[in-house]
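Here is coords_11.pdb, consisting of PDB, C-alpha atoms and all ligand atoms:
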ATOM      1  CA  MET G   1    -151.588   6.325  69.527
ATOM      2  CA  THR G   2    -151.763  10.051  69.855
ATOM      3  CA  ILE G   3    -153.555  12.305  67.417
ATOM      4  CA  SER G   4    -153.012  15.971  66.860
ATOM      5  CA  ARG G   5    -155.477  18.524  68.160
ATOM      6  CA  ARG G   6    -156.278  19.442  64.571
ATOM      7  CA  THR G   7    -157.154  15.844  63.628
ATOM      8  CA  ALA G   8    -159.272  15.499  66.735
ATOM      9  CA  LEU G   9    -161.202  18.645  65.823
ATOM     10  CA  ARG G  10    -161.720  17.335  62.277
ATOM     11  CA  VAL G  11    -163.091  14.076  63.619
ATOM     12  CA  ILE G  12    -165.484  15.913  65.918
ATOM     13  CA  ALA G  13    -166.591  18.205  63.069
ATOM     14  CA  ALA G  14    -167.190  15.194  60.809
ATOM     15  CA  CYS G  15    -169.272  13.509  63.492
ATOM     16  CA  VAL G  16    -171.335  16.637  64.122
ATOM     17  CA  GLY G  17    -171.794  17.045  60.348
ATOM     18  CA  ALA G  18    -172.913  13.466  59.984
ATOM     19  CA  SER G  19    -175.370  13.671  62.829
ATOM     20  CA  THR G  20    -176.738  16.987  61.497
ATOM     21  CA  LEU G  21    -177.257  15.324  58.150
ATOM     22  CA  THR G  22    -179.005  12.394  59.723
ATOM     23  CA  LEU G  23    -181.223  14.725  61.689
ATOM     24  CA  ALA G  24    -182.065  16.744  58.577
ATOM     25  CA  ALA G  25    -182.886  13.589  56.637
ATOM     26  CA  PHE G  26    -184.968  12.383  59.557
ATOM     27  CA  SER G  27    -187.045  15.544  59.834
ATOM     28  CA  ALA G  28    -187.562  15.671  56.048
ATOM     29  CA  GLN G  29    -188.805  12.124  56.292
ATOM     30  CA  ALA G  30    -191.102  13.058  59.137
ATOM     31  CA  GLN G  31    -192.479  15.905  57.067
ATOM     32  CA  ASP G  32    -193.309  13.771  54.054
ATOM     33  CA  ARG G  33    -194.208  10.849  56.224
ATOM     34  CA  LYS G  34    -196.446   8.708  54.090
ATOM     35  CA  ILE G  35    -200.125   9.092  54.822
ATOM     36  CA  THR G  36    -201.848   5.771  55.437
ATOM     37  CA  LEU G  37    -205.369   5.469  54.062
ATOM     38  CA  GLY G  38    -207.651   2.571  54.910
ATOM     39  CA  PHE G  39    -210.180   2.036  52.115
ATOM     40  CA  ALA G  40    -213.168  -0.289  52.535
ATOM     41  CA  GLN G  41    -214.534  -1.111  49.095
ATOM     42  CA  VAL G  42    -218.030  -2.490  48.435
ATOM     43  CA  GLY G  43    -216.923  -5.498  46.410
ATOM     44  CA  ALA G  44    -216.225  -6.437  42.805
ATOM     45  CA  GLU G  45    -219.827  -6.743  41.644
ATOM     46  CA  SER G  46    -219.635  -4.746  38.415
ATOM     47  CA  ALA G  47    -217.424  -3.241  35.712
ATOM     48  CA  TRP G  48    -218.054   0.119  37.401
ATOM     49  CA  ARG G  49    -216.659  -1.208  40.666
ATOM     50  CA  THR G  50    -213.584  -2.709  39.024
ATOM     51  CA  ALA G  51    -212.827   0.636  37.389
ATOM     52  CA  ASN G  52    -213.394   2.418  40.708
ATOM     53  CA  THR G  53    -210.991   0.095  42.549
ATOM     54  CA  GLU G  54    -208.388   0.576  39.841
ATOM     55  CA  SER G  55    -208.822   4.368  40.046
ATOM     56  CA  VAL G  56    -208.396   4.376  43.847
ATOM     57  CA  LYS G  57    -205.304   2.137  43.723
ATOM     58  CA  SER G  58    -203.535   4.021  40.957
ATOM     59  CA  ALA G  59    -204.360   7.448  42.408
ATOM     60  CA  ALA G  60    -202.986   6.340  45.811
ATOM     61  CA  ALA G  61    -199.744   5.202  44.154
ATOM     62  CA  ASP G  62    -199.477   8.494  42.220
ATOM     63  CA  ALA G  63    -200.115  10.517  45.380
ATOM     64  CA  LYS G  64    -197.599   8.374  47.331
ATOM     65  CA  ILE G  65    -200.277   7.447  49.823
ATOM     66  CA  ASN G  66    -199.922   4.128  51.588
ATOM     67  CA  LEU G  67    -203.195   2.336  50.793
ATOM     68  CA  LYS G  68    -204.722  -0.446  52.831
ATOM     69  CA  PHE G  69    -207.503  -1.924  50.721
ATOM     70  CA  SER G  70    -210.276  -4.355  51.575
ATOM     71  CA  ASP G  71    -213.131  -5.851  49.522
ATOM     72  CA  ALA G  72    -216.359  -6.402  51.489
ATOM     73  CA  GLN G  73    -218.005  -8.680  48.925
ATOM     74  CA  GLN G  74    -221.163  -6.542  49.076
ATOM     75  CA  LYS G  75    -221.663  -7.248  52.801
ATOM     76  CA  GLN G  76    -222.046  -4.437  55.321
ATOM     77  CA  GLU G  77    -220.700  -6.583  58.174
ATOM     78  CA  ASN G  78    -217.443  -7.088  56.240
ATOM     79  CA  GLN G  79    -217.120  -3.357  55.679
ATOM     80  CA  ILE G  80    -217.682  -2.686  59.371
ATOM     81  CA  LYS G  81    -214.989  -5.266  60.237
ATOM     82  CA  ALA G  82    -212.571  -3.620  57.797
ATOM     83  CA  ILE G  83    -213.234  -0.154  59.251
ATOM     84  CA  ARG G  84    -212.708  -1.503  62.797
ATOM     85  CA  SER G  85    -209.397  -3.006  61.756
ATOM     86  CA  TYR G  86    -208.304   0.319  60.210
ATOM     87  CA  ILE G  87    -209.153   2.006  63.520
ATOM     88  CA  ALA G  88    -207.099  -0.600  65.407
ATOM     89  CA  GLN G  89    -204.187  -0.044  62.998
ATOM     90  CA  LYS G  90    -204.420   3.723  63.644
ATOM     91  CA  VAL G  91    -204.479   4.685  59.966
ATOM     92  CA  ASP G  92    -204.448   8.427  59.232
ATOM     93  CA  VAL G  93    -207.709   8.500  57.246
ATOM     94  CA  ILE G  94    -210.501   6.004  56.543
ATOM     95  CA  ALA G  95    -212.479   6.145  53.294
ATOM     96  CA  PHE G  96    -215.267   3.840  52.258
ATOM     97  CA  SER G  97    -218.015   3.357  49.761
ATOM     98  CA  PRO G  98    -220.934   2.291  51.957
ATOM     99  CA  VAL G  99    -222.727  -0.749  50.567
ATOM    100  CA  VAL G 100    -226.050   0.375  52.088
ATOM    101  CA  GLU G 101    -227.258   3.709  53.481
ATOM    102  CA  SER G 102    -228.228   2.811  57.041
ATOM    103  CA  GLY G 103    -226.562   1.325  60.114
ATOM    104  CA  TRP G 104    -223.253   3.174  60.199
ATOM    105  CA  GLU G 105    -223.480   5.205  63.423
ATOM    106  CA  PRO G 106    -221.761   2.773  65.848
ATOM    107  CA  VAL G 107    -218.621   2.180  63.783
ATOM    108  CA  LEU G 108    -218.363   5.840  62.760
ATOM    109  CA  LEU G 109    -218.595   6.847  66.426
ATOM    110  CA  GLU G 110    -215.673   4.511  67.084
ATOM    111  CA  ALA G 111    -213.648   6.222  64.352
ATOM    112  CA  LYS G 112    -214.554   9.615  65.779
ATOM    113  CA  ALA G 113    -213.491   8.543  69.289
ATOM    114  CA  ALA G 114    -210.154   7.416  67.805
ATOM    115  CA  LYS G 115    -209.893  10.836  66.060
ATOM    116  CA  ILE G 116    -209.580   9.239  62.617
ATOM    117  CA  PRO G 117    -211.287  11.301  59.897
ATOM    118  CA  VAL G 118    -213.691   9.443  57.603
ATOM    119  CA  ILE G 119    -214.373  10.271  53.956
ATOM    120  CA  LEU G 120    -217.327   8.762  52.096
ATOM    121  CA  THR G 121    -216.901   8.013  48.421
ATOM    122  CA  ASP G 122    -219.345   6.911  45.722
ATOM    123  CA  ARG G 123    -222.330   6.009  47.949
ATOM    124  CA  ASN G 124    -223.888   8.154  50.626
ATOM    125  CA  ILE G 125    -225.153   7.187  54.075
ATOM    126  CA  ASP G 126    -228.208   8.126  56.054
ATOM    127  CA  VAL G 127    -227.026   9.589  59.372
ATOM    128  CA  LYS G 128    -228.357  12.487  61.419
ATOM    129  CA  ASP G 129    -224.966  13.464  62.772
ATOM    130  CA  LYS G 130    -223.091  14.767  59.738
ATOM    131  CA  SER G 131    -219.977  15.296  61.873
ATOM    132  CA  LEU G 132    -219.396  11.543  61.576
ATOM    133  CA  TYR G 133    -217.758  12.106  58.208
ATOM    134  CA  VAL G 134    -215.692  14.897  56.693
ATOM    135  CA  THR G 135    -216.987  14.914  53.131
ATOM    136  CA  MET G 136    -218.849  12.809  50.581
ATOM    137  CA  ILE G 137    -217.316  12.515  47.110
ATOM    138  CA  GLY G 138    -219.476  11.093  44.336
ATOM    139  CA  SER G 139    -222.434  11.300  42.001
ATOM    140  CA  ASP G 140    -225.926  12.630  42.553
ATOM    141  CA  PHE G 141    -227.900   9.418  42.030
ATOM    142  CA  MET G 142    -231.273  11.190  42.345
ATOM    143  CA  GLU G 143    -230.301  13.423  39.452
ATOM    144  CA  GLU G 144    -229.164  10.369  37.490
ATOM    145  CA  GLY G 145    -232.604   8.818  38.040
ATOM    146  CA  ARG G 146    -234.287  12.040  36.920
ATOM    147  CA  ARG G 147    -232.075  12.087  33.824
ATOM    148  CA  GLY G 148    -233.197   8.563  32.990
ATOM    149  CA  GLY G 149    -236.820   9.594  33.610
ATOM    150  CA  ARG G 150    -236.556  12.687  31.417
ATOM    151  CA  TRP G 151    -235.062  10.664  28.579
ATOM    152  CA  ILE G 152    -237.959   8.188  28.882
ATOM    153  CA  GLU G 153    -240.568  10.980  28.843
ATOM    154  CA  ASP G 154    -238.989  12.492  25.782
ATOM    155  CA  HIS G 155    -238.647   9.144  23.988
ATOM    156  CA  TYR G 156    -242.373   8.426  24.435
ATOM    157  CA  LYS G 157    -243.664  11.970  23.996
ATOM    158  CA  ASN G 158    -245.705  11.052  20.895
ATOM    159  CA  ASP G 159    -246.769   7.675  22.235
ATOM    160  CA  LYS G 160    -250.121   7.260  24.016
ATOM    161  CA  GLY G 161    -248.828   4.267  25.955
ATOM    162  CA  PRO G 162    -249.217   2.363  28.106
ATOM    163  CA  VAL G 163    -245.478   2.079  28.673
ATOM    164  CA  ASN G 164    -244.923  -0.891  30.951
ATOM    165  CA  ILE G 165    -241.636  -0.633  32.818
ATOM    166  CA  ALA G 166    -239.705  -3.542  34.328
ATOM    167  CA  GLU G 167    -237.190  -2.232  36.829
ATOM    168  CA  LEU G 168    -233.975  -4.037  37.739
ATOM    169  CA  GLN G 169    -232.946  -2.493  41.016
ATOM    170  CA  GLY G 170    -229.440  -2.347  42.438
ATOM    171  CA  THR G 171    -228.462  -3.713  45.856
ATOM    172  CA  VAL G 172    -231.351  -3.412  48.322
ATOM    173  CA  GLY G 173    -230.865  -0.432  50.630
ATOM    174  CA  SER G 174    -227.973   1.072  48.640
ATOM    175  CA  ALA G 175    -227.976   4.778  47.811
ATOM    176  CA  PRO G 176    -227.821   4.297  44.008
ATOM    177  CA  ALA G 177    -230.727   1.806  44.061
ATOM    178  CA  ASN G 178    -232.873   4.018  46.294
ATOM    179  CA  ASP G 179    -232.134   7.205  44.393
ATOM    180  CA  ARG G 180    -232.202   5.926  40.807
ATOM    181  CA  HIS G 181    -235.656   4.560  41.649
ATOM    182  CA  SER G 182    -236.876   7.761  43.356
ATOM    183  CA  GLY G 183    -235.452  10.010  40.624
ATOM    184  CA  LEU G 184    -237.417   8.080  37.982
ATOM    185  CA  ILE G 185    -240.638   8.162  40.012
ATOM    186  CA  GLU G 186    -240.304  11.903  40.578
ATOM    187  CA  VAL G 187    -240.299  12.503  36.803
ATOM    188  CA  ILE G 188    -242.912  10.004  35.600
ATOM    189  CA  LYS G 189    -245.351  10.006  38.517
ATOM    190  CA  ASN G 190    -247.793  12.483  37.007
ATOM    191  CA  ASP G 191    -248.058  10.745  33.665
ATOM    192  CA  PRO G 192    -250.381   7.730  33.982
ATOM    193  CA  LYS G 193    -249.173   6.136  30.757
ATOM    194  CA  PHE G 194    -245.989   5.024  32.553
ATOM    195  CA  LYS G 195    -246.462   1.984  34.781
ATOM    196  CA  ILE G 196    -243.787   0.130  36.717
ATOM    197  CA  ILE G 197    -245.234  -3.373  36.388
ATOM    198  CA  ALA G 198    -242.294  -5.211  37.968
ATOM    199  CA  SER G 199    -239.418  -4.196  40.210
ATOM    200  CA  GLN G 200    -236.794  -6.421  41.789
ATOM    201  CA  SER G 201    -233.150  -6.331  42.827
ATOM    202  CA  GLY G 202    -230.477  -7.966  40.676
ATOM    203  CA  ASP G 203    -227.784  -6.836  43.143
ATOM    204  CA  PHE G 204    -225.901  -4.845  40.474
ATOM    205  CA  THR G 205    -224.517  -8.055  38.905
ATOM    206  CA  LEU G 206    -224.837  -9.448  35.395
ATOM    207  CA  ALA G 207    -225.979 -12.843  36.700
ATOM    208  CA  GLY G 208    -228.541 -11.150  38.969
ATOM    209  CA  GLY G 209    -229.900  -9.009  36.130
ATOM    210  CA  LYS G 210    -230.231 -12.024  33.858
ATOM    211  CA  GLN G 211    -231.984 -14.143  36.463
ATOM    212  CA  VAL G 212    -234.483 -11.440  37.445
ATOM    213  CA  MET G 213    -235.192 -10.638  33.805
ATOM    214  CA  GLU G 214    -235.865 -14.314  33.059
ATOM    215  CA  ALA G 215    -238.454 -14.315  35.831
ATOM    216  CA  PHE G 216    -239.997 -11.042  34.548
ATOM    217  CA  ILE G 217    -240.248 -12.504  31.018
ATOM    218  CA  LYS G 218    -241.971 -15.619  32.382
ATOM    219  CA  THR G 219    -244.569 -13.531  34.193
ATOM    220  CA  TYR G 220    -245.063 -10.571  31.839
ATOM    221  CA  GLY G 221    -243.652 -11.679  28.463
ATOM    222  CA  ASN G 222    -244.410  -9.221  25.679
ATOM    223  CA  LYS G 223    -246.166  -6.802  28.020
ATOM    224  CA  ILE G 224    -242.775  -5.355  28.945
ATOM    225  CA  ASN G 225    -242.060  -2.216  26.896
ATOM    226  CA  LEU G 226    -239.073  -0.863  28.754
ATOM    227  CA  VAL G 227    -236.332  -2.189  31.019
ATOM    228  CA  TYR G 228    -234.978   0.320  33.518
ATOM    229  CA  ALA G 229    -231.756  -1.261  34.849
ATOM    230  CA  HIS G 230    -229.892   0.478  37.679
ATOM    231  CA  ASN G 231    -226.530  -0.437  36.126
ATOM    232  CA  ASP G 232    -224.936  -1.746  32.942
ATOM    233  CA  ASP G 233    -224.054  -5.188  34.263
ATOM    234  CA  MET G 234    -227.708  -5.922  35.070
ATOM    235  CA  ALA G 235    -228.795  -4.405  31.737
ATOM    236  CA  LEU G 236    -226.344  -6.685  29.914
ATOM    237  CA  GLY G 237    -227.718  -9.687  31.807
ATOM    238  CA  ALA G 238    -231.277  -8.613  30.926
ATOM    239  CA  ILE G 239    -230.300  -8.226  27.257
ATOM    240  CA  GLN G 240    -229.010 -11.811  27.275
ATOM    241  CA  ALA G 241    -232.242 -13.047  28.874
ATOM    242  CA  MET G 242    -234.376 -11.184  26.314
ATOM    243  CA  GLU G 243    -232.359 -12.475  23.374
ATOM    244  CA  GLU G 244    -232.581 -16.035  24.672
ATOM    245  CA  ALA G 245    -236.369 -15.560  24.828
ATOM    246  CA  GLY G 246    -236.424 -14.371  21.197
ATOM    247  CA  MET G 247    -237.054 -10.704  22.091
ATOM    248  CA  HIS G 248    -235.203  -7.768  20.533
ATOM    249  CA  PRO G 249    -233.734  -5.499  23.224
ATOM    250  CA  GLY G 250    -233.176  -1.944  21.982
ATOM    251  CA  LYS G 251    -235.916  -2.417  19.371
ATOM    252  CA  ASP G 252    -239.123  -3.978  20.676
ATOM    253  CA  VAL G 253    -238.055  -3.425  24.298
ATOM    254  CA  THR G 254    -236.417  -0.107  25.202
ATOM    255  CA  VAL G 255    -233.390  -0.503  27.471
ATOM    256  CA  VAL G 256    -232.376   2.316  29.835
ATOM    257  CA  SER G 257    -229.248   1.852  31.934
ATOM    258  CA  PHE G 258    -226.730   3.577  34.202
ATOM    259  CA  ASP G 259    -222.921   3.848  34.482
ATOM    260  CA  ALA G 260    -221.971   4.247  30.784
ATOM    261  CA  THR G 261    -219.221   1.635  30.901
ATOM    262  CA  LYS G 262    -217.579   0.252  27.761
ATOM    263  CA  GLY G 263    -219.936  -2.741  28.010
ATOM    264  CA  GLY G 264    -222.924  -0.384  27.951
ATOM    265  CA  PHE G 265    -221.493   1.488  24.986
ATOM    266  CA  GLN G 266    -220.876  -1.758  23.084
ATOM    267  CA  ALA G 267    -224.503  -2.771  23.678
ATOM    268  CA  MET G 268    -225.676   0.643  22.422
ATOM    269  CA  ALA G 269    -223.399   0.471  19.375
ATOM    270  CA  ALA G 270    -224.943  -2.944  18.636
ATOM    271  CA  GLY G 271    -228.432  -1.401  18.900
ATOM    272  CA  LYS G 272    -229.399  -3.362  22.035
ATOM    273  CA  MET G 273    -229.446  -0.570  24.613
ATOM    274  CA  ASN G 274    -231.140   2.787  24.025
ATOM    275  CA  VAL G 275    -229.564   5.112  26.549
ATOM    276  CA  ASP G 276    -226.889   5.016  29.225
ATOM    277  CA  VAL G 277    -226.887   7.590  32.027
ATOM    278  CA  GLU G 278    -223.311   8.292  33.001
ATOM    279  CA  CYS G 279    -221.938   7.635  36.486
ATOM    280  CA  SER G 280    -218.186   8.033  36.768
ATOM    281  CA  PRO G 281    -216.172   5.567  38.869
ATOM    282  CA  LEU G 282    -212.935   7.523  38.384
ATOM    283  CA  LEU G 283    -213.005   9.013  41.866
ATOM    284  CA  GLY G 284    -209.454   8.110  42.933
ATOM    285  CA  PRO G 285    -207.674  11.428  42.218
ATOM    286  CA  GLN G 286    -210.367  13.509  43.973
ATOM    287  CA  LEU G 287    -210.285  11.143  46.933
ATOM    288  CA  MET G 288    -206.494  11.355  47.313
ATOM    289  CA  SER G 289    -206.497  15.134  47.174
ATOM    290  CA  ALA G 290    -209.243  15.194  49.837
ATOM    291  CA  VAL G 291    -207.187  12.798  51.995
ATOM    292  CA  LYS G 292    -204.159  15.103  51.761
ATOM    293  CA  ASP G 293    -206.274  18.147  52.590
ATOM    294  CA  VAL G 294    -207.808  16.470  55.624
ATOM    295  CA  VAL G 295    -204.388  15.479  56.948
ATOM    296  CA  ALA G 296    -203.113  19.031  56.338
ATOM    297  CA  GLY G 297    -206.072  20.383  58.314
ATOM    298  CA  LYS G 298    -207.588  22.187  55.341
ATOM    299  CA  PRO G 299    -211.377  22.596  55.329
ATOM    300  CA  LEU G 300    -213.336  20.600  52.735
ATOM    301  CA  PRO G 301    -216.852  21.074  51.360
ATOM    302  CA  LYS G 302    -219.329  18.588  52.838
ATOM    303  CA  ARG G 303    -220.260  17.353  49.353
ATOM    304  CA  ILE G 304    -217.962  16.984  46.329
ATOM    305  CA  LEU G 305    -220.039  16.234  43.228
ATOM    306  CA  THR G 306    -219.004  14.308  40.131
ATOM    307  CA  GLU G 307    -219.870  15.787  36.736
ATOM    308  CA  GLU G 308    -221.839  13.527  34.430
ATOM    309  CA  THR G 309    -223.985  13.386  31.336
ATOM    310  CA  VAL G 310    -226.372  11.138  29.357
ATOM    311  CA  PHE G 311    -225.383   9.117  26.270
ATOM    312  CA  PRO G 312    -228.097   8.091  23.830
ATOM    313  CA  MET G 313    -227.547   5.135  21.493
ATOM    314  CA  SER G 314    -226.946   7.489  18.537
ATOM    315  CA  VAL G 315    -223.572   8.688  19.890
ATOM    316  CA  ALA G 316    -222.326   5.277  21.086
ATOM    317  CA  ALA G 317    -220.172   4.137  18.147
ATOM    318  CA  GLN G 318    -218.441   7.498  17.897
ATOM    319  CA  THR G 319    -217.910   7.925  21.670
ATOM    320  CA  LEU G 320    -216.914   4.336  22.522
ATOM    321  CA  PRO G 321    -213.182   4.716  21.653
ATOM    322  CA  THR G 322    -212.845   7.586  24.151
ATOM    323  CA  ARG G 323    -214.453   5.782  27.093
ATOM    324  CA  LYS G 324    -212.010   5.229  29.945
ATOM    325  CA  TYR G 325    -213.898   2.554  31.872
TER     326      TYR G 325
HETATM  327  O1  LIG W   1    -223.741   2.106  39.414
HETATM  328  C1  LIG W   1    -222.910  -0.039  39.999
HETATM  329  C2  LIG W   1    -222.040  -0.465  41.124
HETATM  330  O2  LIG W   1    -222.357   2.752  43.589
HETATM  331  C3  LIG W   1    -222.504   4.048  41.639
HETATM  332  O3  LIG W   1    -222.386   0.410  42.168
HETATM  333  C4  LIG W   1    -222.163   2.740  42.236
HETATM  334  C5  LIG W   1    -222.898   1.580  41.633
HETATM  335  C6  LIG W   1    -222.776   1.431  40.137
HETATM  336  O4  LIG W   1    -222.048  -1.762  41.394
HETATM  337  O5  LIG W   1    -222.487  -0.549  38.774
END
What would the structure in this file look like if it were written as structure tokens?
Amino acid sequence: MTISRRTALRVIAACVGASTLTLAAFSAQAQDRKITLGFAQVGAESAWRTANTESVKSAAADAKINLKFSDAQQKQENQIKAIRSYIAQKVDVIAFSPVVESGWEPVLLEAKAAKIPVILTDRNIDVKDKSLYVTMIGSDFMEEGRRGGRWIEDHYKNDKGPVNIAELQGTVGSAPANDRHSGLIEVIKNDPKFKIIASQSGDFTLAGGKQVMEAFIKTYGNKINLVYAHNDDMALGAIQAMEEAGMHPGKDVTVVSFDATKGGFQAMAAGKMNVDVECSPLLGPQLMSAVKDVVAGKPLPKRILTEETVFPMSVAAQTLPTRKY
């Protein structure tokens, strides 16, 4: 079969057109190539954490970022394994919420050698070489501790004391446990009427808080004037333990907590918790915009702080309907 010169030219033009199109589509695709983010989460220990995970997942979907997610079940070795696997998979960015502050240098050096930028979220780490991560996005836990301390000072300003404090600490070695403790000490240390008579970790869980509180009640009973719980889940566990022992949390024992979750607000509205220092888990959108900036080569501040406040029991009922986590 013979074809005319004109037809042949048309065929060639069509082919060129098609291949140009394909090329254009290909380069557009390359330009908005999906960023892959490997995220190593602490675990699922608390309502705060569940809200944080949800925030990270939904913000990644909104930002069209391909998210690889792992849950370390509160174990540093699991987080290290997850980070190593993200390095092996050559993800574009690694983000993680470090379960504890120390021990991160080796794995972060591996990420650096693989030229994969690392973003810290929620919890900070203790490293000399700050070039091991790009930025840290999250709360100032020291300031949260101070806020709790200042509320306590104010609450007892006309009281001679003693004010015996039982402290339910978060996960041993974690930034929020270390700093919420130190922030409190910084504020109350010069006033001898405040005494921390017991201090133990409940690992940020409701069951842990309840168990530790039961032990505190056995040893100190009615001597306890105030419970300083490093998060709402432990405070809720402690409230259960106190009620089971016939005590009246929020009335004869002051309860100070952190996070300001719906559970905390419900306890305040029921008169069982006196104050909740806010700590926002809704870090997903900030994290995704930082991930995009890092990939685009834009400079980022070393520290991105979350804005937070303090909620006393008196505002709980009215504020509860607006709480997002
Ligand atoms: O307060 C607690 C969670 O790191 C700020 O971890 C977070 C803490 C939060 O388990 O509920």
task: Please write out the residues within 7 Å of ligand LIG 1 (chain W) as a PyMOL selection string, counting all atoms listed in the file.
output: chain G and resi 45-49+122-123+176+204+230-233+258-259+279
Do you know which residues lie at most 7 Å from (-207.6, 6.6, 38.8), with coordinates as in the file and all atoms listed in the file counted, and could you write them as an mmCIF file with C-alpha atoms, in the frame of the given file?
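Result file is point-v9.cif:
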data_model
loop_
_atom_site.group_PDB
_atom_site.id
_atom_site.type_symbol
_atom_site.label_atom_id
_atom_site.label_comp_id
_atom_site.auth_asym_id
_atom_site.auth_seq_id
_atom_site.Cartn_x
_atom_site.Cartn_y
_atom_site.Cartn_z
ATOM 1 C CA GLU G 54 -208.388 0.576 39.841
ATOM 2 C CA SER G 55 -208.822 4.368 40.046
ATOM 3 C CA VAL G 56 -208.396 4.376 43.847
ATOM 4 C CA SER G 58 -203.535 4.021 40.957
ATOM 5 C CA ALA G 59 -204.360 7.448 42.408
ATOM 6 C CA LEU G 282 -212.935 7.523 38.384
ATOM 7 C CA LEU G 283 -213.005 9.013 41.866
ATOM 8 C CA GLY G 284 -209.454 8.110 42.933
ATOM 9 C CA PRO G 285 -207.674 11.428 42.218
#
- request: Dump as a ChimeraX atom specification all residues having an atom at most 8 Å from (-231.3, 1.7, 33.9), computed in the file's coordinates with all atoms listed in the file.
  value: /G:148,167-168,227-232,235,255-258,276-277
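You will find CA of Asp92 in chain G at 29.5 Å from CA of Tyr325 in chain G.
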query: Within 12 Å of Ala177 in chain G, counting all atoms listed in the file, which residues qualify if same-chain residues fewer than 5 places away don't, as a ChimeraX atom specification?
result: /G:99-101,123-124,140-142,144-145,167-172,182-184,199-204,228-231,258
Determine the residue set returned by the PyMOL selection byres (((chain G and resi 193) around 7) and not hetatm) for the present structure, and present it as an mmCIF file with C-alpha atoms, in the coordinates of the input.
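Once everything was written out, this is out_3.cif:
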data_model
loop_
_atom_site.group_PDB
_atom_site.id
_atom_site.type_symbol
_atom_site.label_atom_id
_atom_site.label_comp_id
_atom_site.auth_asym_id
_atom_site.auth_seq_id
_atom_site.Cartn_x
_atom_site.Cartn_y
_atom_site.Cartn_z
ATOM 1 C CA LYS G 160 -250.121 7.260 24.016
ATOM 2 C CA GLY G 161 -248.828 4.267 25.955
ATOM 3 C CA PRO G 162 -249.217 2.363 28.106
ATOM 4 C CA VAL G 163 -245.478 2.079 28.673
ATOM 5 C CA ASP G 191 -248.058 10.745 33.665
ATOM 6 C CA PRO G 192 -250.381 7.730 33.982
ATOM 7 C CA PHE G 194 -245.989 5.024 32.553
ATOM 8 C CA LYS G 195 -246.462 1.984 34.781
#
task: Find the residues around Gly43 in chain G up to 6 Å (all atoms listed in the file counted), leave out those fewer than 5 positions away in its own chain, and share them as a PyMOL selection string.
output: chain G and resi 71-74
Any idea what's packed within 10 Å of Thr319 in chain G, counting only C-alpha atoms, ignoring anything in its chain fewer than 3 positions away? Could you give it as a PDB file with C-alpha atoms, keeping the file's coordinate frame?
ATOM      1  CA  LYS G 262    -217.579   0.252  27.761  1.00  0.00           C
ATOM      2  CA  PHE G 265    -221.493   1.488  24.986  1.00  0.00           C
ATOM      3  CA  ALA G 269    -223.399   0.471  19.375  1.00  0.00           C
ATOM      4  CA  PHE G 311    -225.383   9.117  26.270  1.00  0.00           C
ATOM      5  CA  SER G 314    -226.946   7.489  18.537  1.00  0.00           C
ATOM      6  CA  VAL G 315    -223.572   8.688  19.890  1.00  0.00           C
ATOM      7  CA  ALA G 316    -222.326   5.277  21.086  1.00  0.00           C
ATOM      8  CA  THR G 322    -212.845   7.586  24.151  1.00  0.00           C
ATOM      9  CA  ARG G 323    -214.453   5.782  27.093  1.00  0.00           C
TER      10      ARG G 323
END
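Taking CA of Gly138 in chain G as the reference point, CA of Leu320 in chain G is found at 23.0 Å.
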- prompt: Using all atoms listed in the file, which of G:Ile196, G:Val291, G:Ala241, G:Met234 sits nearest Lys34 in chain G?
  reply: G:Val291
query: Evaluating the PyMOL selection byres (((chain G and resi 294) around 10) and not hetatm) on the displayed file yields which residues, as a ChimeraX atom specification?
result: /G:92-93,117-119,134-135,288-293,295-300
field: Explicit residues for the PyMOL selection byres (((chain G and resi 151) around 10) and not hetatm) (as an MDAnalysis selection string)
entry: chainID G and resid 145:150 152:157 187 256 274:277 310 312
Box for range 217-231 of chain G: with edges along x, y and z, all listed atoms inside and 5 Å added on each side, what are the centre and edge lengths in Å to one decimal, as lines of an AutoDock Vina configuration file?
center_x = -236.3
center_y = -7.6
center_z = 31.7
size_x = 29.6
size_y = 26.1
size_z = 22.0
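Among the candidate residues G:Lys218, G:Lys272, G:Lys90, G:Lys68, the one lying nearest to Ile116 in chain G is G:Lys90, with distances computed using all atoms listed in the file.
Across the structure, CA of Ala61 in chain G and CA of Ser280 in chain G are spaced 20.1 Å apart.
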